[in-house]
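Below is input.cif, holding mmCIF, C-alpha atoms.
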```cif
data_protein
#
loop_
_atom_site.label_atom_id
_atom_site.label_comp_id
_atom_site.auth_asym_id
_atom_site.auth_seq_id
_atom_site.Cartn_x
_atom_site.Cartn_y
_atom_site.Cartn_z
CA MET A 1 46.59 77.13 80.45
CA SER A 2 48.67 78.25 77.54
CA PRO A 3 52.00 79.92 78.41
CA PHE A 4 50.88 83.03 76.51
CA LEU A 5 47.87 83.58 78.80
CA PHE A 6 49.98 82.83 81.88
CA TRP A 7 52.51 85.53 81.02
CA ILE A 8 49.75 88.03 80.09
CA PHE A 9 48.08 87.64 83.48
CA ALA A 10 51.40 87.47 85.35
CA LEU A 11 52.53 90.73 83.72
CA LEU A 12 49.14 92.33 84.44
CA THR A 13 49.45 91.37 88.12
CA LEU A 14 53.04 92.57 88.43
CA ILE A 15 52.71 95.84 86.48
CA PHE A 16 49.60 96.96 88.34
CA GLY A 17 51.13 95.74 91.61
CA ALA A 18 54.08 98.06 90.92
CA ALA A 19 51.62 100.84 90.03
CA VAL A 20 50.12 100.53 93.54
CA VAL A 21 53.49 101.44 95.02
CA VAL A 22 54.46 104.08 92.43
CA ASN A 23 51.19 106.07 92.19
CA ARG A 24 51.02 109.14 94.39
CA ASN A 25 47.22 109.37 94.30
CA PRO A 26 45.60 106.89 96.76
CA VAL A 27 42.53 106.40 94.53
CA ALA A 28 44.73 105.43 91.57
CA SER A 29 46.63 103.03 93.84
CA ALA A 30 43.39 101.38 94.99
CA LEU A 31 42.14 100.93 91.42
CA SER A 32 45.52 99.48 90.35
CA LEU A 33 45.20 97.04 93.25
CA VAL A 34 41.81 95.88 91.88
CA VAL A 35 43.35 95.09 88.46
CA SER A 36 46.29 93.35 90.13
CA PHE A 37 43.92 91.16 92.17
CA LEU A 38 41.86 90.30 89.09
CA GLY A 39 45.04 89.15 87.31
CA LEU A 40 45.92 87.10 90.38
CA ALA A 41 42.44 85.52 90.36
CA ALA A 42 43.04 84.48 86.72
CA LEU A 43 46.35 82.90 87.80
CA PHE A 44 44.50 80.96 90.53
CA MET A 45 42.01 79.69 87.96
CA SER A 46 44.89 78.63 85.71
CA LEU A 47 46.00 76.42 88.62
CA ASP A 48 42.54 74.73 88.68
CA ALA A 49 41.72 76.49 91.98
CA PHE A 50 38.34 77.87 90.98
CA PHE A 51 37.01 78.43 94.49
CA VAL A 52 40.08 80.40 95.53
CA GLY A 53 39.86 82.46 92.33
CA ILE A 54 36.23 83.28 93.02
CA ILE A 55 36.81 84.33 96.64
CA GLN A 56 39.77 86.39 95.43
CA VAL A 57 37.39 88.35 93.19
CA LEU A 58 34.55 88.52 95.72
CA VAL A 59 36.51 89.28 98.89
CA TYR A 60 39.51 91.26 97.60
CA ALA A 61 38.43 92.93 94.36
CA GLY A 62 34.95 93.41 95.86
CA ALA A 63 34.76 93.90 99.61
CA VAL A 64 38.28 94.90 100.64
CA MET A 65 38.71 97.36 97.78
CA VAL A 66 35.36 99.00 98.47
CA LEU A 67 36.54 99.41 102.05
CA PHE A 68 39.80 101.02 100.89
CA LEU A 69 38.06 103.36 98.44
CA PHE A 70 35.46 104.25 101.06
CA ILE A 71 38.17 105.24 103.55
CA VAL A 72 40.10 107.23 100.92
CA MET A 73 36.94 109.15 100.01
CA LEU A 74 35.93 109.57 103.67
CA LEU A 75 39.26 111.10 104.65
CA ASN A 76 39.26 113.16 101.43
CA LEU A 77 42.94 112.48 100.82
CA GLN A 78 44.42 114.48 97.98
CA THR A 79 47.57 113.58 96.17
CA GLU A 80 50.20 113.91 98.82
CA GLU A 81 52.35 116.98 98.44
CA ARG A 82 55.80 116.42 97.17
CA ARG A 83 57.99 116.25 100.17
CA ARG A 84 61.72 116.22 99.87
CA ILE A 85 62.59 112.60 99.22
CA ASN A 86 65.32 111.31 101.44
CA TRP A 87 67.28 109.58 98.69
CA LEU A 88 69.52 107.67 101.09
CA ALA A 89 66.50 106.13 102.86
CA ALA A 90 64.72 105.44 99.56
CA ALA A 91 67.81 103.72 98.13
CA GLY A 92 68.07 101.69 101.33
CA GLY A 93 64.44 100.57 101.03
CA ILE A 94 64.78 99.62 97.37
CA GLY A 95 68.09 97.91 98.12
CA VAL A 96 66.58 95.71 100.83
CA ALA A 97 63.69 94.75 98.53
CA VAL A 98 66.10 93.92 95.67
CA ILE A 99 68.25 91.82 98.01
CA LEU A 100 65.10 89.93 99.07
CA LEU A 101 64.17 89.36 95.40
CA VAL A 102 67.66 88.12 94.52
CA GLN A 103 67.55 85.75 97.47
CA ILE A 104 64.13 84.40 96.42
CA CYS A 105 65.41 83.87 92.84
CA PHE A 106 68.48 82.11 94.24
CA VAL A 107 66.30 79.75 96.30
CA ILE A 108 64.00 79.02 93.33
CA GLY A 109 67.06 78.41 91.12
CA HIS A 110 68.37 75.77 93.54
CA PHE A 111 64.94 74.17 94.11
CA GLN A 112 64.93 70.84 92.26
CA ALA A 113 61.16 70.65 91.65
CA ALA A 114 60.99 74.17 90.22
CA VAL A 115 61.82 73.02 86.67
CA GLN A 116 59.06 70.39 86.62
CA THR A 117 55.72 71.02 84.96
CA PHE A 118 52.43 70.39 86.76
CA PRO A 119 51.24 66.76 86.72
CA PRO A 120 47.89 66.13 85.01
CA LEU A 121 44.71 65.82 87.06
CA ALA A 122 42.48 62.74 87.00
CA ARG A 123 39.39 64.85 86.32
CA SER A 124 38.19 68.42 86.25
CA THR A 125 38.13 70.22 89.62
CA THR A 126 35.01 72.29 89.08
CA ASP A 127 33.57 70.73 92.28
CA ASP A 128 36.42 71.93 94.47
CA VAL A 129 34.04 73.89 96.71
CA TRP A 130 32.74 70.51 97.90
CA ASN A 131 36.28 69.18 98.47
CA ILE A 132 37.48 72.28 100.33
CA GLY A 133 34.28 72.41 102.39
CA ALA A 134 34.59 68.74 103.39
CA LEU A 135 38.22 69.25 104.41
CA LEU A 136 37.34 72.47 106.27
CA PHE A 137 34.61 70.87 108.36
CA ARG A 138 36.34 67.53 108.89
CA ASP A 139 40.06 68.19 109.42
CA TYR A 140 40.12 71.92 110.08
CA ASN A 141 37.00 72.29 112.20
CA LEU A 142 38.70 73.83 115.24
CA PRO A 143 40.75 76.40 113.24
CA PHE A 144 37.57 77.26 111.33
CA GLN A 145 35.71 78.06 114.56
CA ILE A 146 38.69 80.01 115.91
CA VAL A 147 38.64 82.11 112.72
CA GLY A 148 34.94 82.71 113.33
CA VAL A 149 35.77 84.06 116.81
CA LEU A 150 38.54 86.18 115.26
CA VAL A 151 36.11 87.79 112.82
CA LEU A 152 33.69 88.47 115.69
CA VAL A 153 36.47 90.08 117.74
CA ALA A 154 37.53 92.16 114.72
CA THR A 155 33.95 93.35 114.22
CA ILE A 156 33.61 94.42 117.86
CA GLY A 157 37.05 96.04 117.75
CA VAL A 158 36.17 98.05 114.64
CA VAL A 159 32.93 99.27 116.22
CA LEU A 160 34.80 100.29 119.38
CA LEU A 161 37.56 102.03 117.41
CA SER A 162 35.20 103.97 115.17
CA LYS A 163 33.01 105.16 118.04
CA ARG A 164 33.68 108.74 119.01
CA ALA A 165 35.15 109.08 122.48
CA PRO A 166 32.60 110.53 124.94
CA ARG A 167 33.35 114.12 125.78
CA MET B 1 55.21 74.63 79.27
CA ILE B 2 54.71 76.57 82.47
CA THR B 3 56.69 75.14 85.35
CA LEU B 4 56.26 75.43 89.10
CA GLY B 5 59.25 77.79 89.15
CA ASP B 6 57.44 80.34 86.95
CA TYR B 7 54.59 80.65 89.43
CA LEU B 8 57.04 80.86 92.34
CA LEU B 9 58.99 83.58 90.49
CA VAL B 10 55.84 85.65 89.92
CA SER B 11 54.92 85.16 93.58
CA GLY B 12 58.42 86.22 94.69
CA ILE B 13 58.40 89.36 92.52
CA LEU B 14 54.93 90.31 93.80
CA PHE B 15 56.11 89.83 97.40
CA SER B 16 59.15 92.02 96.74
CA ILE B 17 56.95 94.75 95.23
CA GLY B 18 54.75 94.70 98.33
CA PHE B 19 57.81 94.73 100.58
CA ALA B 20 59.26 97.70 98.69
CA GLY B 21 55.92 99.48 99.12
CA VAL B 22 55.98 98.95 102.88
CA MET B 23 59.58 100.18 103.06
CA LEU B 24 59.22 103.19 100.72
CA ARG B 25 55.77 104.69 101.09
CA ARG B 26 54.77 106.92 103.99
CA ASN B 27 51.01 106.96 103.40
CA LEU B 28 49.43 104.47 105.81
CA ILE B 29 46.71 103.46 103.32
CA ILE B 30 49.31 102.57 100.67
CA ILE B 31 51.26 100.62 103.30
CA LEU B 32 48.11 98.57 104.06
CA MET B 33 47.61 97.93 100.32
CA SER B 34 51.22 96.74 100.02
CA LEU B 35 50.60 94.35 102.93
CA GLU B 36 47.68 92.93 100.94
CA LEU B 37 50.01 92.42 97.97
CA MET B 38 52.43 90.46 100.16
CA LEU B 39 49.65 88.25 101.57
CA ASN B 40 48.40 87.53 98.05
CA ALA B 41 51.90 86.63 96.86
CA ALA B 42 52.01 84.01 99.63
CA ASN B 43 48.57 82.76 98.51
CA LEU B 44 49.82 82.35 94.93
CA SER B 45 52.73 80.12 95.95
CA LEU B 46 50.43 78.10 98.25
CA VAL B 47 48.00 77.45 95.39
CA ALA B 48 50.87 76.60 93.02
CA PHE B 49 52.18 73.98 95.46
CA SER B 50 48.63 72.70 95.96
CA ARG B 51 48.35 72.06 92.20
CA PHE B 52 51.87 70.61 92.07
CA ARG B 53 51.31 67.98 94.78
CA VAL B 54 48.60 65.88 93.16
CA ASP B 55 47.03 63.35 95.54
CA PRO B 56 46.82 59.61 94.68
CA GLY B 57 43.20 60.26 93.73
CA GLY B 58 44.35 62.58 90.97
CA LEU B 59 43.09 65.79 92.61
CA PRO B 60 45.14 68.76 93.88
CA ASN B 61 46.19 68.76 97.52
CA TYR B 62 43.39 70.81 99.02
CA ASN B 63 45.13 71.45 102.38
CA ALA B 64 46.95 74.43 100.86
CA GLN B 65 43.70 75.87 99.52
CA VAL B 66 42.16 75.64 103.00
CA PHE B 67 45.17 77.65 104.24
CA VAL B 68 44.49 80.23 101.52
CA PHE B 69 40.89 80.42 102.75
CA PHE B 70 42.14 81.14 106.30
CA ILE B 71 44.65 83.73 105.05
CA VAL B 72 41.94 85.56 103.11
CA THR B 73 39.69 85.63 106.18
CA VAL B 74 42.42 86.90 108.48
CA ALA B 75 43.53 89.48 105.88
CA ALA B 76 39.98 90.83 105.59
CA ALA B 77 39.75 91.18 109.38
CA GLU B 78 43.19 92.80 109.45
CA VAL B 79 42.21 95.37 106.79
CA ALA B 80 39.01 96.25 108.66
CA VAL B 81 40.85 96.79 111.95
CA GLY B 82 43.74 98.62 110.26
CA LEU B 83 41.44 101.05 108.47
CA ALA B 84 39.45 101.66 111.68
CA ILE B 85 42.70 102.54 113.46
CA LEU B 86 43.55 104.80 110.52
CA VAL B 87 40.24 106.65 110.79
CA ALA B 88 40.66 107.07 114.56
CA LEU B 89 44.19 108.37 113.99
CA PHE B 90 43.02 110.77 111.29
CA ARG B 91 40.43 112.20 113.68
CA LEU B 92 43.14 112.82 116.25
CA ARG B 93 45.93 114.16 114.03
CA GLN B 94 44.45 114.98 110.58
CA THR B 95 47.23 113.04 108.86
CA THR B 96 47.92 109.59 107.43
CA ASP B 97 51.64 110.14 107.00
CA VAL B 98 53.79 107.86 109.13
CA LYS B 99 56.40 110.63 109.44
CA ASP B 100 53.91 112.73 111.42
CA ILE B 101 53.07 109.93 113.83
CA SER B 102 56.25 109.51 115.82
CA SER B 103 55.09 109.74 119.45
CA LEU B 104 56.38 106.24 120.16
CA LYS B 105 59.66 106.75 118.33
CA PHE B 106 62.71 106.38 120.53
#
```
Would you write out, as structure tokens, the structure that this file holds?
Amino acid sequence: MSPFLFWIFALLTLIFGAAVVVNRNPVASALSLVVSFLGLAALFMSLDAFFVGIIQVLVYAGAVMVLFLFIVMLLNLQTEERRRINWLAAAGGIGVAVILLVQICFVIGHFQAAVQTFPPLARSTTDDVWNIGALLFRDYNLPFQIVGVLVLVATIGVVLLSKRAPR
Amino acid sequence: MITLGDYLLVSGILFSIGFAGVMLRRNLIIILMSLELMLNAANLSLVAFSRFRVDPGGLPNYNAQVFVFFIVTVAAAEVAVGLAILVALFRLRQTTDVKDISSLKF
């Protein structure tokens, strides 16, 4: 991928990711999150991970965001009223996040492999669904089944939580 | 050319944005969205390392992409359960503000 496209999609992801946090209206936040995830899917595809890019669009930009929007509409949340912002607490929160960012940059700066470009591939990876599926069912069979049980438990839990308590 | 460090930097900034959202916002729905941002930042660095470590066969190391698959599955389950808890809480208290939910606060 050309550096120009990489920076376009990286900026798209980061700007709309910041918009999620900054927006006061939950619907605007959810829609910003969709754009951020689409930019991230493009970044995955630039790394030749087509399957991961596709499930990013299908699962996150599709299913999870519909769930978020559905809940926002269901609860009929308006833009939250302007409360008095506790500036000391807000500065503390931003400060901790900035310290984390500085630390991450420091680690990347001292990471030897970080300045290397990506090695070329032997062939195109458009069949990576096959490769991931083979690995999933051969080497990661037990974790795969445990995740299946987890999804079942989550489904039952959601049904139990959303049921109205008997009066 | 784009290096591994560029992808890791984008991933780190995205994680920090999500972390700042969890620390700053008081709306539970926005906090859940920020958690999703953090999970996706981790996914981005996993995929970048997967592409960086090319196998002897000349293909990316697919172990990391299997991890991403698991993370996406667990994140979807987590969002479903989190939003169900949110709805149950809203029925009880008519609020999604974490400042109003302080029964367990010491």
Interatomic distance between CA of Ala80 (chain B) and CA of Gly157 (chain A)?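 Spanning CA of Ala80 (chain B) to CA of Gly157 (chain A) is a straight-line distance of 9.3 Å.
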Rounded to one decimal place, report the CA of Lys99 (chain B)-CA of Ile31 (chain B) distance in Å.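 Spanning CA of Lys99 (chain B) to CA of Ile31 (chain B) is a straight-line distance of 12.8 Å.
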Could you make a table, as a tab-separated table, of the residues of chain A that have an atom within 7 Å of an atom of chain B, each with its nearest atom pair and distance in Å to one decimal, counting only C-alpha atoms, in chain and number order?
```
residue	atom	partner	partner_atom	distance
A:Pro3	CA	B:Ile2	CA	5.9
A:Ala10	CA	B:Val10	CA	6.6
A:Leu14	CA	B:Leu14	CA	6.1
A:Gly17	CA	B:Ile17	CA	6.9
A:Ala18	CA	B:Ile17	CA	6.1
A:Val21	CA	B:Gly21	CA	5.2
A:Pro26	CA	B:Ile30	CA	6.9
A:Phe44	CA	B:Val47	CA	6.9
A:Leu47	CA	B:Arg51	CA	6.1
A:Val64	CA	B:Ala76	CA	6.6
A:Ala90	CA	B:Leu24	CA	6.1
A:Gly93	CA	B:Met23	CA	5.3
A:Ile94	CA	B:Ala20	CA	6.0
A:Ala97	CA	B:Ala20	CA	5.3
A:Leu100	CA	B:Ser16	CA	6.7
A:Leu101	CA	B:Ser16	CA	5.8
A:Ile104	CA	B:Gly12	CA	6.2
A:Cys105	CA	B:Leu9	CA	6.8
A:Ile108	CA	B:Gly5	CA	6.4
A:Ala114	CA	B:Gly5	CA	4.2
A:Val115	CA	B:Thr3	CA	5.7
A:Gln116	CA	B:Thr3	CA	5.5
A:Thr117	CA	B:Thr3	CA	4.3
A:Phe118	CA	B:Phe52	CA	5.3
A:Pro119	CA	B:Phe52	CA	6.6
A:Leu121	CA	B:Gly58	CA	5.1
A:Ala122	CA	B:Gly58	CA	4.4
A:Ile132	CA	B:Tyr62	CA	6.2
A:Leu136	CA	B:Val66	CA	6.6
A:Val151	CA	B:Ala77	CA	6.0
A:Ala154	CA	B:Ala77	CA	5.9
A:Gly157	CA	B:Val81	CA	7.0
A:Val158	CA	B:Val81	CA	5.5
A:Leu161	CA	B:Ala84	CA	6.0
A:Ser162	CA	B:Ala84	CA	6.0
```
Separation of CA of Ala89 (chain A) from CA of Phe16 (chain A) in Å: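 Separation between CA of Phe16 (chain A) and CA of Ala89 (chain A): 24.1 Å.
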So, with all atoms listed in the file as the atoms that count, which of A:Gln103, A:Asn25, A:Val34, A:Tyr140 lies closest to Ala63 (chain A)? A:Val34
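Nearest to Leu74 (chain A) of all the residues A:Val27, A:Leu12, A:Ile99, A:Ile156 is A:Val27, counting all atoms listed in the file.
Proximity ranking of A:Val59, A:Leu67, A:Leu43, A:Leu75 relative to Ala30 (chain A) places A:Leu67 first, based on only C-alpha atoms.
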Looking at A:His110, A:Phe4, A:Val129, A:Gly148, which one is nearest to Ile55 (chain A), with distances taken over all atoms listed in the file?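 Looking at the shortest contact to Ile55 (chain A), the residue is A:Val129.
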So, counting only C-alpha atoms, which residue among A:Ala19, A:Arg164, A:Ile146, A:Val159 is closest to Leu92 (chain B)?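 Selected residue with least distance to Leu92 (chain B): A:Arg164.
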